[in-house]
Amino acid sequence: MPRFSLFRRPSPDPVNPPVSVGLGTFGGVYTPSILTILGVIMYLRFGWVVGNVGLLGTLIIVTLATLITFFTGLSISAIATDRVVRVGGAYYMISRSLGIETGGAVGIPLYFAQGLSVALYTIGFAESIGEAFPQFKTMQRAIALITTLAVALLAMKSARTAIRAQYFIMAAIVLSLISFAFGSPVENTVIELWGAKPENSESFWVVFAVFFPAVTGIMAGVGMSGDLRDPSRSIPVGTLAAVGTGYVIYMGLPFLLAMRADASTLIANPLIMQEMALWGPAILLGVWGATLSSALGSILGAPRVLQALARDGILPSGLRILGNGKGPDDEPFIATCVTLGIAALAVAVGDLNMIAPVLTMFFLTTYMVLNVAAGIEGFLQSPSYRPTFRVHWSISLLGAVGCIAVMLLINAIATVVAGIIVLGIYIWLERRELESAWGDVRRGLWMEVVRTGIFNLSHEPDTKNWRPHILVLSGAPTRRWSLIELATAFTHNRGLITVSSVLPSGSRDPAQQTKLEATIRDYLEKRGVQALVRLITAPDPFVGAKNLVEIYGLGPLVPNTILLGDSEEAANRDRYCDMIANLHQAKRNLIIFRENADKGFGQRRRIDVWWGGLQANGGLMLILAYLVRTSSQWQNAQVYLKLVVPDRTAAESAEANLAALVKRLRIGAIPQVLIADGQPFNDILHESSQNTDLVFLGMATPRENYTDYYEQLQARAAGLPTTIFVLAAPDFAFEEVLTDNA
């Protein structure tokens with residue numbers, strides 16, 4: 001599969017071109033955030049909330065909902081004070097913490113959620129115009145399109161101009177709140193602490209789900225990260241100030257609502273605030289200001305996410321133009337035009353009620369992942385993570401749990417749909433094998449998992465969980481690929497494989513050796529092999545191999561099986577056999593691969609195991625043969641368990657015992673008893689296995705004159721198909737691997 005590398009443009013900062021003078025905390029973060037928080041839910045649904053759950057219920061809902069947003073704000077503040085947050089806001093934070101795939105999986109849906117939100121708000125604005133002025137009711141779609149175009153043109157002009165426009169909107173909202181504060185009751189009432197009667201009201205969690213989107217406006221400020229003068233300062237201060245301001249207002253309004261109308265009236269009249277206000281039209285101005293400010297915040301944020309996605313190479317190469325900026329402030333002009341097109345198309349379709357819940361899920365997914373990112377960073381405590389705004393990791397993870405709970409409460413089906421979309425994008429990006437120019441927290445997370453695992457591993461091998469962890473003494477993988485292929489058949493991508501080689505002393509300096517290891521790793525990855533690589537230098541390859549086995553590993557995590565090629569030169573046979581003896585003394589299993597150059601692995605249909613009993617070599621050979629047979633390369637192979645007996649009398653009992661053993665072990669082998677009748681074993685071996693594809697033979701334990709024994713073993717295997725010599729490690733009961741619970 002092709003690999004795509006990011007940041008190949010000749011630019012000193014390929015992520016973000018330098019900007020001149022950015023926005024401040026108040027205009028760049030606080031204003032868009034608070035205007036989105038004080039939105040249409042406050043004007044059109046807050047009375048309904050108080051009517052359904054009463055004063056105390058509303059205060060609890062506001063506190064719980066704001067607490068989740070507050071935790072997310074703390075997580076955002078921690079990340080923002082640890083690194084410079086550039087264009088892309090939440091996407092930038094997530095991709096730099098959890099990796100480019102996770103960032104893209106959240107960033108792409110976040111962009112569409114923000115882009116379609118523009119249409120959602122402008123349609124709402126047009127509908128409110130139609131309600132206030134019935135003569136325009138038939139022109140709502142045209143009004144929505146004109147409004148969408150107007151906010152987009154304002155955003156295209158510059159972020160500064162759009163922010164200045166939001167100051168006027170803020171003034172309208174402040175005026176509406178003042179008018180409401182000095183208003184009067186619409187009827188005589190008694191404060192109802194728990195709302196209307198159950199038969200006339202919705203449940204607590206249904207009301208909570210309706211209200212929660214009112215406190216999720218902090219992304220509007222975070223999305224302006226690339227336009228901020230000092231994002232590391234502005235994002236924490238502006239975000240938390242907006243959350244605090246919203247909480248104070250939302251905790252005060254329920255008292256006024258509960259004192260001025262009874263529960264049934266609050267539920268029945270969406271514009272009850274207009275009737276209570278000192279000057280009713282001020283509330284209408286607030287509703288219009290809320291919808292327009294939300295639309296403006298979305299049209300400012302969405303193109304900047306798209307710009308960052310294009311610059312990071314997440315989008316297909318033909319869309320890289322979307323990453324271009326315009327003017328001294330690097331305005332995302334092209335990305336804004338594309339966002340305008342998407343929003344206008346959505347307005348033309350008209351009804352967004354079907355996808356609105358999924359859009360909310362995308363925003364909450366972003367919140368959740370931001371909390372997870374900050375929680376993991378805080379838990380790992382890597383030296384590179386040094387935020388000036390410190391938050392305990394448990395608070396961030398509590399925020400993530402809260403987001404998940406709220407998502408399920410709001411709409412479980414939409415939660416599942418959003419999850420499937422995010423997962424699908426993640427898999428797509430993972431398959432593209434994107435390369436990022438930055439590190440992320442995943443390596444630290446895996447390091448923590450590995451550390452915990454190593455300290456929990458027993459130093460004593462366990463027969464229940466035994467599997468081969470193989471050190472392959474392969475030399476150059478391109479020359480002896482069959483060794484690596486055999487190792488993958490043994491491990492099934494469950495055990496560990498380390499491809500190793502001993503280089504002559506002085507042939508490579510450390511830098512060259514590291515580069516060669518990287519080259520071998522790339523070669524293995526392209527061939528689909530998951531393996532570690534380790535190279536060492538030594539004056540003698542046999543001494544180097546012994547040294548490698550002695551030093552390689554980490555705690556109890558050491559290779560338990562050594563796989564190497566057969567000795568090809570008789571002049572080196574003594575040193576080769578001395579190495580075998582040393583590896584056996586080190587309590588490693590030894591697998592010697594003797595390849596038939598003409599046949600290779602043949603048809604991969606038949607494996608012969610020459611049986612000498614279940615203990616030691618016999619048990620290990622049967623395990624290895626089973627692993628080969630169940631690998632993807634040998635799926636249709638059949639294992640023959642061959643036993644030689646002297647005569648027919650011995651054959652009868654041997655056949656019954658061998659058949660019973662095979663059945664008990666559930667190994668899927670075919671027992672085959674051969675009668676010698678005085679015929680030499682070597683003749684029987686060659687006659688019986690001449691048409692097989694792989695032969696397993698046991699080796700004797702190293703002793704004096706072992707070279708002579710090995711020479712005899714070579715003579716015995718001469719002319720056979722590809723053969724594997726097996727020498728089991730001492731003091732390990734391989735028969736228990738097969739018979740435990742059998």
# chains A, B, ... in the order shown; residues from 1 in each chain; ligands from 1
call {"tool": "residues_around", "arguments": {"residues": "segment 478-482 of chain A", "least_positions_apart": "2", "cutoff": "10 Å", "atoms": "only C-alpha atoms", "output": "MDAnalysis selection string"}}
result
chainID A and resid 473:476 484:488 520 523:524 564:565 593 595 600:601
call {"tool": "select_by_dssp", "arguments": {"residues": "segment 75-295 of chain A", "states": "alpha helix (DSSP H)", "output": "ChimeraX atom specification"}}
result
/A:75-80,90-98,100-132,140-157,159-181,204-211,219-222,231-260,263-268,272-276,280-295
call {"tool": "write_last_selection", "arguments": {"atoms": "C-alpha atoms", "output": "compact mmCIF listing (two decimals), in the first residue's frame"}}
result
# COMPACT_ATOMS: atom_id res chain seq x y z
CA SER A 75 -8.70 19.90 29.46
CA ILE A 76 -8.54 22.39 26.60
CA SER A 77 -6.68 24.84 28.84
CA ALA A 78 -4.12 22.20 29.81
CA ILE A 79 -3.42 21.27 26.19
CA ALA A 80 -3.37 24.90 25.05
CA ALA A 90 -9.86 21.23 18.50
CA TYR A 91 -8.64 19.22 15.48
CA TYR A 92 -5.12 20.58 15.95
CA MET A 93 -5.11 19.69 19.65
CA ILE A 94 -6.39 16.15 19.10
CA SER A 95 -4.11 15.33 16.16
CA ARG A 96 -1.01 16.50 18.03
CA SER A 97 -1.96 14.49 21.13
CA LEU A 98 -3.64 11.29 19.91
CA ILE A 100 -3.18 12.21 12.91
CA GLU A 101 -5.69 9.38 12.36
CA THR A 102 -7.67 10.21 15.51
CA GLY A 103 -7.44 13.92 14.72
CA GLY A 104 -8.73 13.37 11.20
CA ALA A 105 -11.48 10.98 12.35
CA VAL A 106 -12.80 13.71 14.65
CA GLY A 107 -11.80 16.71 12.52
CA ILE A 108 -13.64 15.75 9.32
CA PRO A 109 -17.03 15.23 11.04
CA LEU A 110 -16.38 18.34 13.16
CA TYR A 111 -15.93 20.38 9.98
CA PHE A 112 -19.19 19.15 8.46
CA ALA A 113 -20.99 19.66 11.77
CA GLN A 114 -19.82 23.27 11.91
CA GLY A 115 -20.50 23.84 8.22
CA LEU A 116 -24.03 22.44 8.39
CA SER A 117 -24.62 24.33 11.62
CA VAL A 118 -24.41 27.53 9.58
CA ALA A 119 -27.50 26.40 7.68
CA LEU A 120 -29.18 25.26 10.88
CA TYR A 121 -28.82 28.73 12.42
CA THR A 122 -29.72 30.74 9.33
CA ILE A 123 -32.84 28.61 8.78
CA GLY A 124 -33.75 29.25 12.42
CA PHE A 125 -33.19 32.98 11.88
CA ALA A 126 -35.43 32.96 8.80
CA GLU A 127 -38.17 31.09 10.67
CA SER A 128 -38.07 33.62 13.51
CA ILE A 129 -38.43 36.42 10.96
CA GLY A 130 -41.45 34.63 9.52
CA GLU A 131 -43.02 34.30 12.98
CA ALA A 132 -42.45 37.98 13.79
CA GLN A 140 -38.13 31.96 4.55
CA ARG A 141 -35.85 29.90 2.32
CA ALA A 142 -34.76 32.98 0.37
CA ILE A 143 -34.12 34.84 3.63
CA ALA A 144 -32.05 31.92 4.91
CA LEU A 145 -29.96 31.85 1.71
CA ILE A 146 -29.40 35.62 1.79
CA THR A 147 -28.43 35.43 5.47
CA THR A 148 -26.03 32.54 4.80
CA LEU A 149 -24.37 34.51 2.00
CA ALA A 150 -24.17 37.63 4.21
CA VAL A 151 -22.42 35.91 7.14
CA ALA A 152 -20.06 34.14 4.70
CA LEU A 153 -19.12 37.42 2.99
CA LEU A 154 -18.51 38.94 6.40
CA ALA A 155 -16.23 36.03 7.31
CA MET A 156 -14.43 36.26 3.95
CA LYS A 157 -13.70 39.92 4.48
CA ALA A 159 -12.06 37.46 11.00
CA ARG A 160 -11.51 40.87 12.57
CA THR A 161 -14.49 42.36 10.77
CA ALA A 162 -16.65 39.38 11.79
CA ILE A 163 -15.58 39.73 15.42
CA ARG A 164 -16.44 43.44 15.34
CA ALA A 165 -19.90 42.50 14.03
CA GLN A 166 -20.28 40.13 16.96
CA TYR A 167 -19.80 43.05 19.35
CA PHE A 168 -23.07 44.54 18.03
CA ILE A 169 -24.75 41.16 18.47
CA MET A 170 -23.43 40.98 22.02
CA ALA A 171 -24.87 44.41 22.69
CA ALA A 172 -28.29 43.17 21.50
CA ILE A 173 -28.09 40.14 23.80
CA VAL A 174 -27.02 42.26 26.77
CA LEU A 175 -29.91 44.66 26.05
CA SER A 176 -32.35 41.73 25.97
CA LEU A 177 -31.08 40.38 29.29
CA ILE A 178 -31.35 43.82 30.94
CA SER A 179 -34.87 44.23 29.55
CA PHE A 180 -35.80 40.81 30.94
CA ALA A 181 -34.23 41.49 34.33
CA PHE A 204 -35.57 15.09 34.25
CA TRP A 205 -33.16 13.47 31.76
CA VAL A 206 -35.28 14.38 28.73
CA VAL A 207 -35.17 18.02 29.84
CA PHE A 208 -31.44 17.71 30.54
CA ALA A 209 -30.87 16.46 26.98
CA VAL A 210 -32.78 19.44 25.55
CA PHE A 211 -30.84 21.97 27.63
CA MET A 219 -15.65 25.32 20.43
CA ALA A 220 -16.49 28.65 18.79
CA GLY A 221 -13.57 30.28 20.57
CA VAL A 222 -11.19 27.33 20.28
CA PRO A 231 -3.46 31.23 21.89
CA SER A 232 -1.72 29.64 24.89
CA ARG A 233 -3.04 32.46 27.06
CA SER A 234 -6.24 33.44 25.27
CA ILE A 235 -7.80 29.97 24.97
CA PRO A 236 -7.73 29.10 28.71
CA VAL A 237 -8.73 32.57 29.92
CA GLY A 238 -11.39 33.21 27.29
CA THR A 239 -12.88 29.70 27.42
CA LEU A 240 -13.17 29.45 31.20
CA ALA A 241 -14.43 33.05 31.46
CA ALA A 242 -17.19 32.26 28.94
CA VAL A 243 -18.15 29.08 30.83
CA GLY A 244 -18.26 31.02 34.10
CA THR A 245 -20.31 33.88 32.64
CA GLY A 246 -22.78 31.47 31.10
CA TYR A 247 -23.15 29.60 34.40
CA VAL A 248 -23.90 32.78 36.35
CA ILE A 249 -26.55 33.87 33.83
CA TYR A 250 -28.15 30.42 33.59
CA MET A 251 -28.28 30.15 37.40
CA GLY A 252 -29.96 33.56 37.70
CA LEU A 253 -32.61 33.34 34.99
CA PRO A 254 -34.56 30.42 36.57
CA PHE A 255 -35.38 32.52 39.65
CA LEU A 256 -36.93 35.25 37.48
CA LEU A 257 -38.84 32.75 35.34
CA ALA A 258 -40.16 30.77 38.31
CA MET A 259 -41.33 33.96 40.10
CA ARG A 260 -43.16 35.42 37.08
CA ALA A 263 -45.13 25.88 35.32
CA SER A 264 -47.92 25.27 32.79
CA THR A 265 -47.50 28.74 31.29
CA LEU A 266 -43.72 28.34 31.04
CA ILE A 267 -44.17 25.02 29.21
CA ALA A 268 -46.83 26.27 26.81
CA ILE A 272 -42.55 33.71 27.51
CA MET A 273 -39.43 35.84 28.08
CA GLN A 274 -40.80 38.38 25.57
CA GLU A 275 -44.00 38.75 27.59
CA MET A 276 -42.05 39.19 30.83
CA GLY A 280 -40.59 42.88 24.46
CA PRO A 281 -38.84 43.54 21.11
CA ALA A 282 -35.50 43.37 22.91
CA ILE A 283 -36.01 39.63 23.38
CA LEU A 284 -36.68 39.26 19.67
CA LEU A 285 -33.46 41.14 18.98
CA GLY A 286 -31.70 38.73 21.32
CA VAL A 287 -33.11 35.71 19.47
CA TRP A 288 -31.94 37.12 16.15
CA GLY A 289 -28.57 38.05 17.62
CA ALA A 290 -28.17 34.54 19.07
CA THR A 291 -28.88 32.80 15.76
CA LEU A 292 -26.70 35.18 13.74
CA SER A 293 -23.79 35.00 16.19
CA SER A 294 -23.94 31.20 16.17
CA ALA A 295 -24.00 31.18 12.36
call {"tool": "residues_around", "arguments": {"residues": "Leu228 of chain A", "least_positions_apart": "5", "cutoff": "8 Å", "atoms": "only C-alpha atoms", "output": "number ranges by chain"}}
result
A: 22-25, 28, 234
call {"tool": "closest_residue", "arguments": {"among": "A:Asp312, A:Glu433, A:Asp227, A:Asp708", "to": "Asp329 of chain A", "atoms": "only C-alpha atoms"}}
result
A:Asp227
call {"tool": "closest_residue", "arguments": {"among": "A:Lys642, A:Leu738, A:Lys599, A:Met447", "to": "Ile667 of chain A", "atoms": "only C-alpha atoms"}}
result
A:Leu738
call {"tool": "residues_around", "arguments": {"residues": "Val338 of chain A", "least_positions_apart": "4", "cutoff": "10 Å", "atoms": "only C-alpha atoms", "output": "list of chain:residue names"}}
result
A:Gly115, A:Pro303, A:Leu306, A:Leu322, A:Phe333, A:Ile334, A:Ile342, A:Ala343, A:Ala344
call {"tool": "closest_atom_pairs", "arguments": {"of": "segment 297-366 of chain A", "to": "segment 389-405 of chain A", "cutoff": "10 Å", "atoms": "only C-alpha atoms", "output": "CSV"}}
result
residue,atom,partner,partner_atom,distance
A:Met361,CA,A:Ile404,CA,9.5
A:Phe363,CA,A:Cys403,CA,9.9
A:Leu364,CA,A:Cys403,CA,6.1
A:Thr365,CA,A:Cys403,CA,7.5
A:Thr366,CA,A:Cys403,CA,9.4
call {"tool": "write_last_selection", "arguments": {"atoms": "N, CA, C and O atoms", "output": "PDB file, in the first residue's frame"}}
result
ATOM      1  N   MET A 361     -23.894  15.130  18.149  1.00  0.00           N
ATOM      2  CA  MET A 361     -23.015  14.041  18.572  1.00  0.00           C
ATOM      3  C   MET A 361     -21.563  14.291  18.152  1.00  0.00           C
ATOM      4  O   MET A 361     -20.628  13.945  18.884  1.00  0.00           O
ATOM      5  N   PHE A 363     -20.092  17.218  17.869  1.00  0.00           N
ATOM      6  CA  PHE A 363     -19.530  18.197  18.795  1.00  0.00           C
ATOM      7  C   PHE A 363     -19.171  17.532  20.124  1.00  0.00           C
ATOM      8  O   PHE A 363     -18.098  17.761  20.684  1.00  0.00           O
ATOM      9  N   LEU A 364     -20.065  16.690  20.622  1.00  0.00           N
ATOM     10  CA  LEU A 364     -19.807  16.025  21.895  1.00  0.00           C
ATOM     11  C   LEU A 364     -18.677  15.008  21.773  1.00  0.00           C
ATOM     12  O   LEU A 364     -17.918  14.800  22.725  1.00  0.00           O
ATOM     13  N   THR A 365     -18.555  14.374  20.601  1.00  0.00           N
ATOM     14  CA  THR A 365     -17.431  13.463  20.375  1.00  0.00           C
ATOM     15  C   THR A 365     -16.119  14.236  20.456  1.00  0.00           C
ATOM     16  O   THR A 365     -15.128  13.746  21.023  1.00  0.00           O
ATOM     17  N   THR A 366     -16.112  15.436  19.891  1.00  0.00           N
ATOM     18  CA  THR A 366     -14.915  16.278  19.976  1.00  0.00           C
ATOM     19  C   THR A 366     -14.585  16.600  21.420  1.00  0.00           C
ATOM     20  O   THR A 366     -13.426  16.514  21.848  1.00  0.00           O
TER      21      THR A 366
END
call {"tool": "closest_residue", "arguments": {"among": "A:Val190, A:Ala531, A:Leu694, A:Leu590", "to": "Asp262 of chain A", "atoms": "only C-alpha atoms"}}
result
A:Val190
call {"tool": "atom_distance", "arguments": {"atom1": "atom CA of Thr519 of chain A", "atom2": "atom CA of Lys546 of chain A"}}
result
24.4 Å
call {"tool": "atom_distance", "arguments": {"atom1": "atom CA of Leu471 of chain A", "atom2": "atom CA of Leu685 of chain A"}}
result
29.4 Å
call {"tool": "closest_residue", "arguments": {"among": "A:Phe732, A:Tyr640, A:Trp610, A:Tyr706", "to": "Asp578 of chain A", "atoms": "only C-alpha atoms"}}
result
A:Tyr706
call {"tool": "closest_residue", "arguments": {"among": "A:Ile68, A:Val50, A:Val215, A:Ala374", "to": "Trp194 of chain A", "atoms": "only C-alpha atoms"}}
result
A:Val50
call {"tool": "atom_distance", "arguments": {"atom1": "atom CA of Val628 of chain A", "atom2": "atom CA of Arg534 of chain A"}}
result
24.7 Å
call {"tool": "closest_residue", "arguments": {"among": "A:Pro510, A:Pro213, A:Gly89, A:Pro468", "to": "Leu624 of chain A", "atoms": "only C-alpha atoms"}}
result
A:Pro468
call {"tool": "decode", "arguments": {"residues": "segment 398-498 of chain A", "atoms": "C-alpha atoms", "output": "short mmCIF file (atom, residue, chain, number, x, y, z; two decimals), in the first residue's frame"}}
result
data_model
loop_
_atom_site.label_atom_id
_atom_site.label_comp_id
_atom_site.auth_asym_id
_atom_site.auth_seq_id
_atom_site.Cartn_x
_atom_site.Cartn_y
_atom_site.Cartn_z
CA LEU A 398 -14.48 12.29 34.27
CA GLY A 399 -15.36 14.90 31.65
CA ALA A 400 -15.02 12.25 28.93
CA VAL A 401 -17.37 9.90 30.81
CA GLY A 402 -19.84 12.76 31.22
CA CYS A 403 -19.78 13.43 27.47
CA ILE A 404 -20.51 9.80 26.67
CA ALA A 405 -23.39 9.74 29.16
CA VAL A 406 -24.90 12.92 27.72
CA MET A 407 -24.59 11.60 24.16
CA LEU A 408 -26.55 8.48 25.07
CA LEU A 409 -29.15 10.53 26.95
CA ILE A 410 -29.69 12.93 24.06
CA ASN A 411 -30.02 10.34 21.31
CA ALA A 412 -28.63 6.82 21.55
CA ILE A 413 -29.21 6.08 17.85
CA ALA A 414 -27.47 9.29 16.75
CA THR A 415 -24.60 8.40 19.09
CA VAL A 416 -24.16 5.03 17.35
CA VAL A 417 -24.38 6.62 13.88
CA ALA A 418 -21.78 9.25 14.79
CA GLY A 419 -19.53 6.56 16.27
CA ILE A 420 -19.73 4.47 13.10
CA ILE A 421 -18.85 7.49 10.94
CA VAL A 422 -15.88 8.45 13.12
CA LEU A 423 -14.63 4.84 13.18
CA GLY A 424 -15.00 4.54 9.40
CA ILE A 425 -12.92 7.69 8.82
CA TYR A 426 -10.29 6.44 11.28
CA ILE A 427 -9.97 3.12 9.45
CA TRP A 428 -9.73 4.95 6.10
CA LEU A 429 -6.92 7.16 7.40
CA GLU A 430 -5.18 4.20 9.04
CA ARG A 431 -5.17 2.31 5.73
CA ARG A 432 -3.62 5.32 3.98
CA GLU A 433 -0.67 5.06 6.39
CA LEU A 434 -0.20 8.79 6.80
CA GLU A 435 3.10 9.95 8.21
CA SER A 436 3.08 12.96 10.51
CA ALA A 437 5.95 15.27 11.27
CA TRP A 438 5.08 15.37 14.96
CA GLY A 439 5.01 12.85 17.78
CA ASP A 440 1.83 11.99 19.65
CA VAL A 441 0.78 10.41 22.90
CA ARG A 442 0.22 6.94 21.49
CA ARG A 443 3.86 5.95 21.86
CA GLY A 444 3.83 7.05 25.49
CA LEU A 445 0.60 5.14 26.06
CA TRP A 446 2.05 1.96 24.58
CA MET A 447 5.19 2.45 26.64
CA GLU A 448 3.08 2.57 29.79
CA VAL A 449 1.22 -0.58 28.73
CA VAL A 450 4.50 -2.36 27.95
CA ARG A 451 6.03 -1.24 31.25
CA THR A 452 3.05 -2.49 33.22
CA GLY A 453 3.03 -5.75 31.26
CA ILE A 454 6.72 -6.43 31.79
CA PHE A 455 6.50 -5.93 35.54
CA ASN A 456 3.49 -8.24 35.66
CA LEU A 457 5.13 -10.99 33.63
CA SER A 458 6.42 -13.91 35.62
CA HIS A 459 10.08 -14.81 35.25
CA GLU A 460 9.05 -18.47 35.26
CA PRO A 461 7.62 -19.69 31.91
CA ASP A 462 3.98 -20.75 32.01
CA THR A 463 2.83 -23.77 29.99
CA LYS A 464 -0.75 -22.46 29.83
CA ASN A 465 0.25 -19.32 27.91
CA TRP A 466 3.39 -20.53 26.15
CA ARG A 467 4.01 -19.48 22.59
CA PRO A 468 7.25 -19.08 20.65
CA HIS A 469 9.05 -15.74 20.89
CA ILE A 470 11.59 -16.14 18.15
CA LEU A 471 15.02 -14.68 17.57
CA VAL A 472 15.78 -15.26 13.89
CA LEU A 473 19.48 -15.31 13.04
CA SER A 474 18.76 -14.59 9.41
CA GLY A 475 21.60 -12.42 8.20
CA ALA A 476 20.30 -10.30 5.32
CA PRO A 477 16.52 -11.01 5.14
CA THR A 478 16.52 -10.80 1.35
CA ARG A 479 18.90 -13.78 1.12
CA ARG A 480 17.21 -16.04 3.69
CA TRP A 481 13.59 -15.03 3.51
CA SER A 482 12.41 -18.61 4.16
CA LEU A 483 13.63 -18.30 7.75
CA ILE A 484 11.44 -15.25 8.35
CA GLU A 485 8.52 -16.87 6.54
CA LEU A 486 8.82 -19.90 8.83
CA ALA A 487 8.97 -17.66 11.92
CA THR A 488 5.72 -15.94 10.92
CA ALA A 489 4.09 -19.36 10.45
CA PHE A 490 5.13 -20.28 14.00
CA THR A 491 3.91 -17.07 15.65
CA HIS A 492 0.65 -16.21 13.79
CA ASN A 493 1.37 -12.53 14.63
CA ARG A 494 0.84 -13.37 18.30
CA GLY A 495 4.35 -14.10 19.50
CA LEU A 496 7.33 -11.83 19.01
CA ILE A 497 9.79 -12.13 16.14
CA THR A 498 13.17 -10.43 16.18
#
